[in-house]
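A short write-up of the structure that comes next.
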Amino acid sequence: MDHMSASIAVHPHRLLPADPATRAIAESLLTLVEHLPILSPHGHVDAAVLERDERFPDPATMLVTPDHYVTRLLHAAGVPLGELGLGSEPAPPREVWRRFCAGWPLFDGTASGYWLRSELVQVFGIDDARLTAEHADDLYDELERRLGSPEFRPRALFERFGIEVFATTDDPLDDLSAHRALAADPTFRGRVLPTFRPDAYLKAHSAGWAERVDRLISVAAGGASGYAGYIAALEERRRYFIAHGAVSTDHGAATAQTLKLDPADAAALFDRARAGDADAADAAAFEAHMMYEMARMSVDDGLVMTVHPGVFRNHHRPSFDRFGGDTGHDIPVRIDYTAALRPLLNDFGTREGFHLVLFTIDETTFSRELAPLAGFYPAVYIGAPWWFLDAPDAMLRFRSAVTETAGFSRASGFIDDTRAFASIPARHDAARRVECAFLARLVAEHRITEERAAEIVVDLVDHAPRRVFKL
Amino acid sequence: MDHMSASIAVHPHRLLPADPATRAIAESLLTLVEHLPILSPHGHVDAAVLERDERFPDPATMLVTPDHYVTRLLHAAGVPLGELGLGSEPAPPREVWRRFCAGWPLFDGTASGYWLRSELVQVFGIDDARLTAEHADDLYDELERRLGSPEFRPRALFERFGIEVFATTDDPLDDLSAHRALAADPTFRGRVLPTFRPDAYLKAHSAGWAERVDRLISVAAGGASGYAGYIAALEERRRYFIAHGAVSTDHGAATAQTLKLDPADAAALFDRARAGDADAADAAAFEAHMMYEMARMSVDDGLVMTVHPGVFRNHHRPSFDRFGGDTGHDIPVRIDYTAALRPLLNDFGTREGFHLVLFTIDETTFSRELAPLAGFYPAVYIGAPWWFLDAPDAMLRFRSAVTETAGFSRASGFIDDTRAFASIPARHDAARRVECAFLARLVAEHRITEERAAEIVVDLVDHAPRRVFKL
Amino acid sequence: MDHMSASIAVHPHRLLPADPATRAIAESLLTLVEHLPILSPHGHVDAAVLERDERFPDPATMLVTPDHYVTRLLHAAGVPLGELGLGSEPAPPREVWRRFCAGWPLFDGTASGYWLRSELVQVFGIDDARLTAEHADDLYDELERRLGSPEFRPRALFERFGIEVFATTDDPLDDLSAHRALAADPTFRGRVLPTFRPDAYLKAHSAGWAERVDRLISVAAGGASGYAGYIAALEERRRYFIAHGAVSTDHGAATAQTLKLDPADAAALFDRARAGDADAADAAAFEAHMMYEMARMSVDDGLVMTVHPGVFRNHHRPSFDRFGGDTGHDIPVRIDYTAALRPLLNDFGTREGFHLVLFTIDETTFSRELAPLAGFYPAVYIGAPWWFLDAPDAMLRFRSAVTETAGFSRASGFIDDTRAFASIPARHDAARRVECAFLARLVAEHRITEERAAEIVVDLVDHAPRRVFKL
């Protein structure tokens with residue numbers, strides 16, 4: 001065996017259980033799904049990357065700087081964010097890359113480490129034994145050469161990765177021209193779908209909210225004004241997104257709170273907020289009401305509603321002030337769903353065709369709230385392990401926590417949620433292996449039959465995302 | 001091997017660990033407990049079922065309709081509750097059964113799936129490979145034939161299941177005539193014990209509370225009235241239950257809060273509530289005080305006090321309005337025990353003979369609160385994994401979470417808590433196998449000796465429920 | 001094989017995984033760390049024990065009475081604390097020992113059971129098969145003989161245990177004479193470090209606070225008075241501790257709350273508290289502010305700040321009144337770090353050289369809050385599993401919960417935190433075995449290479465505590 005093939009990144013048993021009998025079952029299940037096309041119904045790569053199809057600028061700008069999973073651990077080890085390419089006077093990419101190579105041992109055992117190793121070895125053909133400070137410059141040059149060649153352009157990678165469906169996350173006022181261009185381009189065969197993400201228009205306490213709302217109304221309310229115009233404009237932009245292929249909306253609320261207000265009360269709150277007179281409680285009530293409204297609109301227009309609550313955004317104020325958001329210090333908090341979602345679920349939880357996908361990074365809710373909710377309400381699906389939980393052990397804990405209550409039919413299927421384009425195959429590979437590992441244990445313990453496990457793993461990887469996200 | 005014996009429902013290694021050495025230890029432990037009599041100190045089957053000993057009406061009414069574990073997952077998959085036999089114009093049982101067979105794959109990996117498969121194969125001799133929509137009618141007919149034969153009557157099954165002790169859950173004003181008749185019947189050898197469940201008399205905000213309390217006082221207060229009569233009547237009914245074999249009381253409070261009020265303050269609260277003037281805070285304080293009082297009475301009369309808190313009952317209002325309670329949408333919420341129980345434990349936590357069994361469906365409390373409390377207070381026992389947690393992986397998480405702090409001596413022993421009579425042997429079988437699996441791992445890792453594991457498993461299955469529930 | 005060598009306490013595979021391939025990897029990793037010196041940067045043994053080097057009084061006083069891990073489980077089984085050597089009229093040690101031997105089966109599967117068995121077999125050469133009521137007196141006599149011999153004196157054990165660094169926990173006004181004497185003694189080679197534990201001076205609602213603060217100011221404020229004197233005195237005593245070898249401060253706050261007050265507001269709060277006029281909210285605000293101040297001082301003087309929050313102390317009031325604190329009824333509560341620590345972390349979370357070690361006994365915070373915080377803030381380290389979580393399964397859950405987000409570099413390294421001197425080697429042995437077990441699984445699943453696992457295990461056991469605690 002040569003060195004490359006000895007890398008753990010290409011070991012056929014990676015992420016599979018150690019027990020030989022269980023591993024054999026997992027291997028057999030894996031053959032059924034490892035080559036299936038990638039369905040990515042939620043992520044954060046810009047559609048323009050695919051539309052323009054320009055070469056990725058350099059290894060550091062591609063792999064390190066924009067990926068807050070990566071910068072955060074280097075920062076924790078003492079590397080200032082400015083030396084990782086962030087901020088107004090960013091460090092040169094080669095120096096960022098050296099920092100990354102020197103810090104590579106920090107990633108052992110992490111999900112990011114798994115993805116990075118996989119993409120460097122499998123996508124870029126790098127020898128991971130050379131991921132050291134000593135070889136940093138050589139690797140940088142090697143990666144530069146790869147990035148300069150046509151087969152490392154975004155569309156070529158998209159094809160090579162076997163991506164069939166690929167969702168982006170977009171502002172409601174985005175004109176979606178990149179999506180339109182891709183759809184119209186006969187040379188590009190993937191489906192690239194926008195996702196309606198209205199957070200900034202629903203959080204009345206966020207900076208610039210009134211101006212954004214004014215613009216929304218002026219662009220899309222068809223002449224209506226005030227709260228009625230605001231609602232009409234949101235409905236109109238959802239239709240616009242649907243016309244451009246959107247299948248879902250995404251909501252990053254701080255909590256899962258929902259609230260049904262009388263239209264008159266909602267309008268009064270809206271007016272107060274627009275006049276700058278809303279306090280924190282008003283803003284929270286308005287957002288909770290708008291989550292209810294978003295569900296109502298989903299019942300009407302069929303967009304799948306995905307919710308990602310429970311994060312304290314921009315925890316470190318000085319880093320936010322200097323480097324902006326999404327720089328590694330969004331920190332989870334405890335969250336409740338049971339009481340918070342009741343207003344919404346009482347009215348829409350059994351409405352045919354309504355899909356509400358609930359993500360969490362508070363693991364305690366998996367067995368306590370999400371599996372019981374999804375095990376009763378036809379509308380509720382349990383979101384796949386998200387963010388910090390998108391990792392092998394956490395995925396196994398997730399399956400263990402939800403399956404005994406809700407079975408395999410009530411979860412969303414994997415989402416990669418990534419900003420790191422080249423990590424997509426590694427993320428799906430990890431998720432598929434972990435599903436096989438979990439199912440193999442149930443087979444080995446005679447809890448399910450091997451025949452059913454084979455059906456279930458295909459369902460989890462392929463049918464579930466199509467069904468839940470209406471692909 | 002013929003087909004039946006190939007079912008996973010009868011595989012000798014079902015629920016045992018895959019590692020061969022660990023499995024061998026587990027198998028050996030299992031031989032010590034698999035044939036022990038069933039002790040069921042908490043459940044929801046009506047004593048009248050055994051007293052009357054009538055045939056079960058039909059497969060759907062026996063196995064599907066009344067079991068909210070089963071109806072809920074079918075409902076989540078889009079089957080209206082009305083088509084599962086619930087409501088005022090229920091679907092015919094044969095159609096309910098077809099719905100169930102078509103939905104059978106939903107139950108793979110769930111606790112209910114394990115129990116259903118076991119009872120169908122082991123109790124009814126059904127071939128589980130035929131649990132499909134296609135064979136639904138044949139299976140229905142086959143089950144109908146079985147149910148019509150004498151050996152499938154309740155008492156015959158009770159005997160065949162090897163049940164020694166069997167507790168029901170009863171209203172304090174129940175006359176317990178079925179229990180009395182069974183005790184007096186020389187042809188019936190099982191012990192069928194009532195359980196005193198006073199929730200509806202302690203929750204001043206529940207509909208009809210004042211009327212129930214009036215009736216309680218008029219029936220059992222011996223002439224006393226007001227708060228004093230209320231307390232006297234509760235004490236009297238507890239004595240009545242004890243005289244009919246009761247060993248425990250059961251409490252389904254929303255929280256674990258306890259509170260010691262002065263009798264005068266308690267009486268004032270009671271009068272306010274009876275006049276309909278109590279607000280939500282009053283009702284909560286009154287219930288917390290009554291939990292304290294229930295403990296006081298248990299210290300006096302010896303009834304074991306079991307508490308099942310932390311559930312948001314009847315979450316989906318439209319389903320509750322149409323189909324009533326216990327229809328699958330009771331959803332857990334986060335709960336605290338440490339501060340909430342302090343008033344009760346400060347006064348009664350070390351009182352000799354007082355047993356307080358704390359159940360939870362918030363797993364976070366196992367290692368954080370329940371094991372530490374039960375590891376100090378002689379009165380406190382950790383309830384076995386309950387409801388959504390009564391499943392193999394959850395039971396293993398439970399043992400892992402509590403054992404290192406509290407050992408094996410501080411838990412209640414298994415309770416099946418079921419409404420589904422025919423599922424009782426499957427539930428106890430699963431619990432016994434999981435205990436063996438956990439202990440086998442500790443032996444394989446040289447944490448305990450195999451000799452001690454053998455003593456412990458018999459203690460967990462047989463001695464613990466006798467000791468904790470004073471059987 | 002003779003009987004002694006057959007004890008599970010000396011089994012070479014104890015605490016290692018059962019799967020043969022994984023176990024072989026773990027065994028190989030263990031050879032790298034099992035003989036490394038013991039670093040104990042946090043514990044509760046009195047330095048005077050080593051300074052005086054007197055024989056331990058008797059088996060019960062050494063092994064049972066002062067160890068609330070041990071007395072609590074015996075108490076839960078019904079043994080009054082007074083019969084375990086506590087209180088003003090304690091039971092004779094031999095009777096305490098009989099109680100312990102009779103209760104020995106209670107400890108199967110617990111962390112304390114593992115430690116006790118290990119120390120009795122490995123330190124004292126006892127045959128653990130004789131840990132029964134029947135042999136209690138013989139064992140007592142045997143242990144008495146051992147304790148009377150020079151090789152069982154504290155310093156001889158210290159040497160035999162291979163302890164290199166050993167921290168105590170001390171009152172800020174302690175004169176540290178024992179530490180000074182040990183440092184000056186050329187015949188004693190270990191490093192015995194004091195730890196600055198100012199809780200009683202920061203909790204304005206604790207009994208005697210004003211008197212303690214007056215004494216602190218009079219002793220160490222250099223003539224300053226009021227709040228300024230209080231701050232100056234704390235700074236002065238920290239310097240005194242540093243001069244005596246201290247590397248860290250320790251804080252047992254009820255919550256993790258921090259707060260930055262204006263000096264004038266802080267002074268006003270301080271004055272109000274000193275006048276006895278502070279209410280509970282004032283006291284909580286003052287403590288939160290002082291946690292912020294402690295961090296500020298650590299930034300200045302370099303002491304590592306360790307925080308152990310989330311415990312309801314002295315839960316059972318009658319036991320506290322009769323037997324005092326640390327008698328087994330400190331019970332964990334739910335805790336939050338994300339919002340609570342923000343004021344402190346915004347100002348000091350990226351200050352070079354500042355180390356904040358966050359311990360928890362609420363496991364839910366490992367993946368949800370602690371790993372994300374430590375994965376961004378250079379100052380934050382995740383404390384090793386503490387107290388009830390200092391046990392094999394809990395340690396594995398800890399590694400599983402934090403590693404995928406924060407890797408291996410962001411945790412504190414093991415602390416034994418013990419009052420039981422003779423349990424120290426057993427505790428470190430258990431921790432090392434569990435680290436090997438965890439790493440072996442990652443190697444067996446091809447998540448990390450065996451070469452890196454070898455580096456990581458040495459880092460976890462040896463380098464991490466040196467680095468994090470600045471040893």
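The way I read the labels, and the way they are meant: chains A, B, ... in the order of the structure tokens, residue 1 as the first residue of every chain, and ligand 1 as the first ligand shown, with later ones counted on from there.
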
I need the residues of stretch 112-259 of chain A that end up classed as alpha helix (DSSP H) by DSSP on the backbone, written out as a PyMOL selection string. chain A and resi 112-118+136-148+154-161+177-184+199-202+209-220+226-243

Quick check for you: according to DSSP on this backbone, which residues of stretch 169-410 of chain C are classed as strand (DSSP E)? Reply as number ranges by chain. C: 191-193, 248-251, 304-307, 311-312, 331-332, 356-358, 380-382

Selection export as a PDB file, in the first residue's frame, atoms kept: C-alpha atoms:
```pdb
ATOM      1  CA  ARG C 191       5.754  20.766  45.044  1.00  0.00           C
ATOM      2  CA  VAL C 192       2.824  21.618  47.328  1.00  0.00           C
ATOM      3  CA  LEU C 193       0.989  24.671  46.054  1.00  0.00           C
ATOM      4  CA  SER C 248      -4.568  29.386  40.589  1.00  0.00           C
ATOM      5  CA  THR C 249      -7.645  30.730  42.293  1.00  0.00           C
ATOM      6  CA  ASP C 250     -10.799  28.697  42.790  1.00  0.00           C
ATOM      7  CA  HIS C 251     -14.393  29.890  42.841  1.00  0.00           C
ATOM      8  CA  VAL C 304      -5.289  30.784  36.611  1.00  0.00           C
ATOM      9  CA  MET C 305      -8.968  31.299  37.454  1.00  0.00           C
ATOM     10  CA  THR C 306     -10.976  28.119  38.005  1.00  0.00           C
ATOM     11  CA  VAL C 307     -14.752  28.215  38.461  1.00  0.00           C
ATOM     12  CA  VAL C 311     -24.300  23.467  43.080  1.00  0.00           C
ATOM     13  CA  PHE C 312     -27.061  23.883  45.634  1.00  0.00           C
ATOM     14  CA  ILE C 331     -26.881  18.810  44.791  1.00  0.00           C
ATOM     15  CA  PRO C 332     -26.276  20.118  41.255  1.00  0.00           C
ATOM     16  CA  LEU C 356     -10.267  30.674  32.815  1.00  0.00           C
ATOM     17  CA  VAL C 357     -11.069  27.025  33.550  1.00  0.00           C
ATOM     18  CA  LEU C 358     -14.792  26.291  33.584  1.00  0.00           C
ATOM     19  CA  VAL C 380     -11.344  29.568  28.154  1.00  0.00           C
ATOM     20  CA  TYR C 381     -10.479  25.977  29.027  1.00  0.00           C
ATOM     21  CA  ILE C 382     -13.037  23.234  29.630  1.00  0.00           C
TER      22      ILE C 382
END
```

Using only C-alpha atoms, which protein or nucleic acid residues come within 12 Å of stretch 211-219 of chain A? Drop anything in the same chain fewer than 4 positions from it, and give the result as an NGL selection string. :A and (171-175 or 198-204 or 206-207 or 223-237 or 270-271 or 273-276)

Counting only C-alpha atoms, which residues of chain B sit at most 7 Å from some atom of chain C, and what is each one's closest atom pair with its distance in Å to one decimal, listed by chain and rising residue number, as a Markdown table?
```
| residue | atom | partner | partner_atom | distance |
| --- | --- | --- | --- | --- |
| B:Asp19 | CA | C:Asp19 | CA | 6.3 |
| B:Thr338 | CA | C:Val333 | CA | 6.4 |
| B:Arg342 | CA | C:His315 | CA | 6.9 |
| B:Asn346 | CA | C:His316 | CA | 5.3 |
| B:Thr364 | CA | C:Thr364 | CA | 6.8 |
| B:Arg368 | CA | C:Pro332 | CA | 5.6 |
| B:Glu369 | CA | C:Pro332 | CA | 6.0 |
| B:Pro372 | CA | C:Ile331 | CA | 6.0 |
| B:Leu373 | CA | C:Ile331 | CA | 6.7 |
| B:Ala374 | CA | C:Ala76 | CA | 6.8 |
| B:Gly375 | CA | C:Leu73 | CA | 5.3 |
| B:Phe376 | CA | C:Ala76 | CA | 4.6 |
| B:Tyr377 | CA | C:Ala76 | CA | 5.0 |
| B:Pro378 | CA | C:Ala76 | CA | 4.0 |
| B:Ser400 | CA | C:Asp393 | CA | 6.3 |
| B:Thr403 | CA | C:Thr110 | CA | 6.0 |
| B:Glu404 | CA | C:Thr110 | CA | 3.8 |
| B:Thr405 | CA | C:Thr110 | CA | 5.8 |
| B:Ala406 | CA | C:Thr110 | CA | 6.9 |
| B:Gly407 | CA | C:Thr110 | CA | 5.4 |
| B:Ser409 | CA | C:Leu106 | CA | 6.4 |
| B:Ala444 | CA | C:Ala18 | CA | 5.7 |
| B:Glu445 | CA | C:Leu15 | CA | 5.0 |
| B:His446 | CA | C:Arg14 | CA | 4.8 |
| B:Arg447 | CA | C:Gly109 | CA | 6.5 |
| B:Ile448 | CA | C:Asp108 | CA | 6.4 |
```

Please report the interatomic distance between atom CA of C:Leu30 and atom CA of C:Val123 in Å with one decimal. 20.2 Å

Neighbour list for stretch 452-469 of chain B as a CSV table (one decimal) with N, CA and C atoms, in the first residue's frame, cut-off 8 Å, only C-alpha atoms, skip fewer than 4 positions in-chain:
```csv
chain,number,residue,atom,x,y,z
B,29,LEU,N,-26.1,-13.9,32.2
B,29,LEU,CA,-26.9,-13.1,33.2
B,29,LEU,C,-28.4,-13.3,32.9
B,32,LEU,N,-30.6,-16.0,34.4
B,32,LEU,CA,-31.0,-15.8,35.8
B,32,LEU,C,-32.3,-15.1,36.0
B,33,VAL,N,-32.7,-14.3,35.0
B,33,VAL,CA,-33.9,-13.4,35.2
B,33,VAL,C,-35.0,-13.6,34.2
B,36,LEU,N,-38.2,-15.2,35.6
B,36,LEU,CA,-38.7,-14.7,36.9
B,36,LEU,C,-40.2,-14.1,36.7
B,39,LEU,N,-43.4,-8.5,38.0
B,39,LEU,CA,-43.9,-7.6,39.0
B,39,LEU,C,-44.2,-6.3,38.3
B,41,PRO,N,-45.6,-2.9,39.3
B,41,PRO,CA,-46.2,-2.0,40.4
B,41,PRO,C,-46.8,-0.7,39.9
B,247,VAL,N,-50.3,-0.1,47.5
B,247,VAL,CA,-49.0,0.1,48.1
B,247,VAL,C,-48.5,1.5,47.7
B,248,SER,N,-49.1,2.2,46.8
B,248,SER,CA,-48.5,3.4,46.4
B,248,SER,C,-49.6,4.4,45.9
B,304,VAL,N,-46.1,4.2,49.3
B,304,VAL,CA,-45.0,4.7,48.5
B,304,VAL,C,-45.5,5.9,47.6
B,355,HIS,N,-40.9,6.3,51.1
B,355,HIS,CA,-40.3,6.1,49.8
B,355,HIS,C,-40.9,7.1,48.8
B,381,TYR,N,-35.9,7.4,45.6
B,381,TYR,CA,-35.5,6.4,44.6
B,381,TYR,C,-35.7,7.0,43.2
B,408,PHE,N,-26.4,0.7,42.1
B,408,PHE,CA,-27.6,0.0,41.6
B,408,PHE,C,-28.7,0.0,42.6
B,409,SER,N,-28.5,0.4,43.8
B,409,SER,CA,-29.5,0.2,44.9
B,409,SER,C,-30.5,1.3,45.0
B,411,ALA,N,-32.5,2.7,42.6
B,411,ALA,CA,-33.5,2.9,41.5
B,411,ALA,C,-34.7,2.0,41.8
B,412,SER,N,-35.8,2.3,41.1
B,412,SER,CA,-37.1,1.7,41.5
B,412,SER,C,-37.3,0.3,41.0
B,413,GLY,N,-36.6,-0.1,40.1
B,413,GLY,CA,-37.0,-1.3,39.3
B,413,GLY,C,-38.0,-1.0,38.2
B,414,PHE,N,-38.1,-1.8,37.2
B,414,PHE,CA,-38.9,-1.5,36.1
B,414,PHE,C,-40.4,-1.4,36.4
B,432,ARG,N,-35.3,-6.4,30.9
B,432,ARG,CA,-34.4,-7.4,31.5
B,432,ARG,C,-33.2,-7.6,30.6
B,435,GLU,N,-30.9,-4.5,31.0
B,435,GLU,CA,-30.1,-4.6,32.3
B,435,GLU,C,-28.9,-5.6,32.1
B,436,CYS,N,-29.2,-6.7,31.5
B,436,CYS,CA,-28.1,-7.7,31.3
B,436,CYS,C,-27.0,-7.1,30.4
B,439,LEU,N,-25.0,-4.5,32.5
B,439,LEU,CA,-24.1,-5.2,33.5
B,439,LEU,C,-23.0,-5.9,32.8
B,440,ALA,N,-23.3,-6.6,31.6
B,440,ALA,CA,-22.3,-7.3,30.9
B,440,ALA,C,-21.1,-6.4,30.5
B,443,VAL,N,-18.9,-5.8,33.4
B,443,VAL,CA,-18.1,-7.0,33.7
B,443,VAL,C,-17.0,-7.1,32.6
B,448,ILE,N,-17.0,-4.5,37.5
B,448,ILE,CA,-17.7,-5.3,38.5
B,448,ILE,C,-17.4,-6.7,38.2
```

Which polymer residues have any atom within 12 Å of an atom of C:Gly87, counting only C-alpha atoms, with same-chain residues fewer than 4 positions away left out, as a VMD selection string? chain C and resid 65 to 66 80 to 83 91 to 92 319 to 325 327

Using only C-alpha atoms, which of the listed residues (B:Glu164, B:Asp300, B:Glu352, B:Asp326) sits closest to B:Arg419?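 Among B:Glu164, B:Asp300, B:Glu352, B:Asp326, it is B:Asp326 that comes nearest to B:Arg419.
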
For stretch 149-151 of chain A, list every protein, DNA or RNA residue within 10 Å, evaluated using only C-alpha atoms, and leave out those in the same chain fewer than 6 positions away; present the list as a list in words. Asp53, Glu54, Arg55, Leu157, Glu159 and Arg160 of chain A

Same residues, N, CA and C atoms, output as a PDB file, in the first residue's frame:
```pdb
ATOM      1  N   ASP A  53     -18.353  30.989 -12.140  1.00  0.00           N
ATOM      2  CA  ASP A  53     -17.418  29.867 -12.382  1.00  0.00           C
ATOM      3  C   ASP A  53     -15.974  30.333 -12.488  1.00  0.00           C
ATOM      4  N   GLU A  54     -15.599  31.291 -11.670  1.00  0.00           N
ATOM      5  CA  GLU A  54     -14.204  31.736 -11.654  1.00  0.00           C
ATOM      6  C   GLU A  54     -13.373  30.823 -10.762  1.00  0.00           C
ATOM      7  N   ARG A  55     -12.077  30.797 -10.985  1.00  0.00           N
ATOM      8  CA  ARG A  55     -11.229  29.957 -10.153  1.00  0.00           C
ATOM      9  C   ARG A  55     -11.261  30.460  -8.708  1.00  0.00           C
ATOM     10  N   LEU A 157     -16.090  21.163 -10.131  1.00  0.00           N
ATOM     11  CA  LEU A 157     -16.196  20.474  -8.837  1.00  0.00           C
ATOM     12  C   LEU A 157     -17.643  20.051  -8.563  1.00  0.00           C
ATOM     13  N   GLU A 159     -19.883  19.187 -10.600  1.00  0.00           N
ATOM     14  CA  GLU A 159     -20.144  17.974 -11.392  1.00  0.00           C
ATOM     15  C   GLU A 159     -19.453  16.767 -10.754  1.00  0.00           C
ATOM     16  N   ARG A 160     -18.171  16.973 -10.441  1.00  0.00           N
ATOM     17  CA  ARG A 160     -17.385  15.877  -9.868  1.00  0.00           C
ATOM     18  C   ARG A 160     -17.963  15.414  -8.528  1.00  0.00           C
TER      19      ARG A 160
END
```

One-decimal distance in Å that lies between atom CA of B:Thr255 and atom CA of B:Gly349: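 Interatomic distance, atom CA of B:Gly349 to atom CA of B:Thr255: 18.5 Å.
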
For atom CA of A:Val121 and atom CA of A:Gly148, quote the distance in Å rounded to one decimal. 17.6 Å
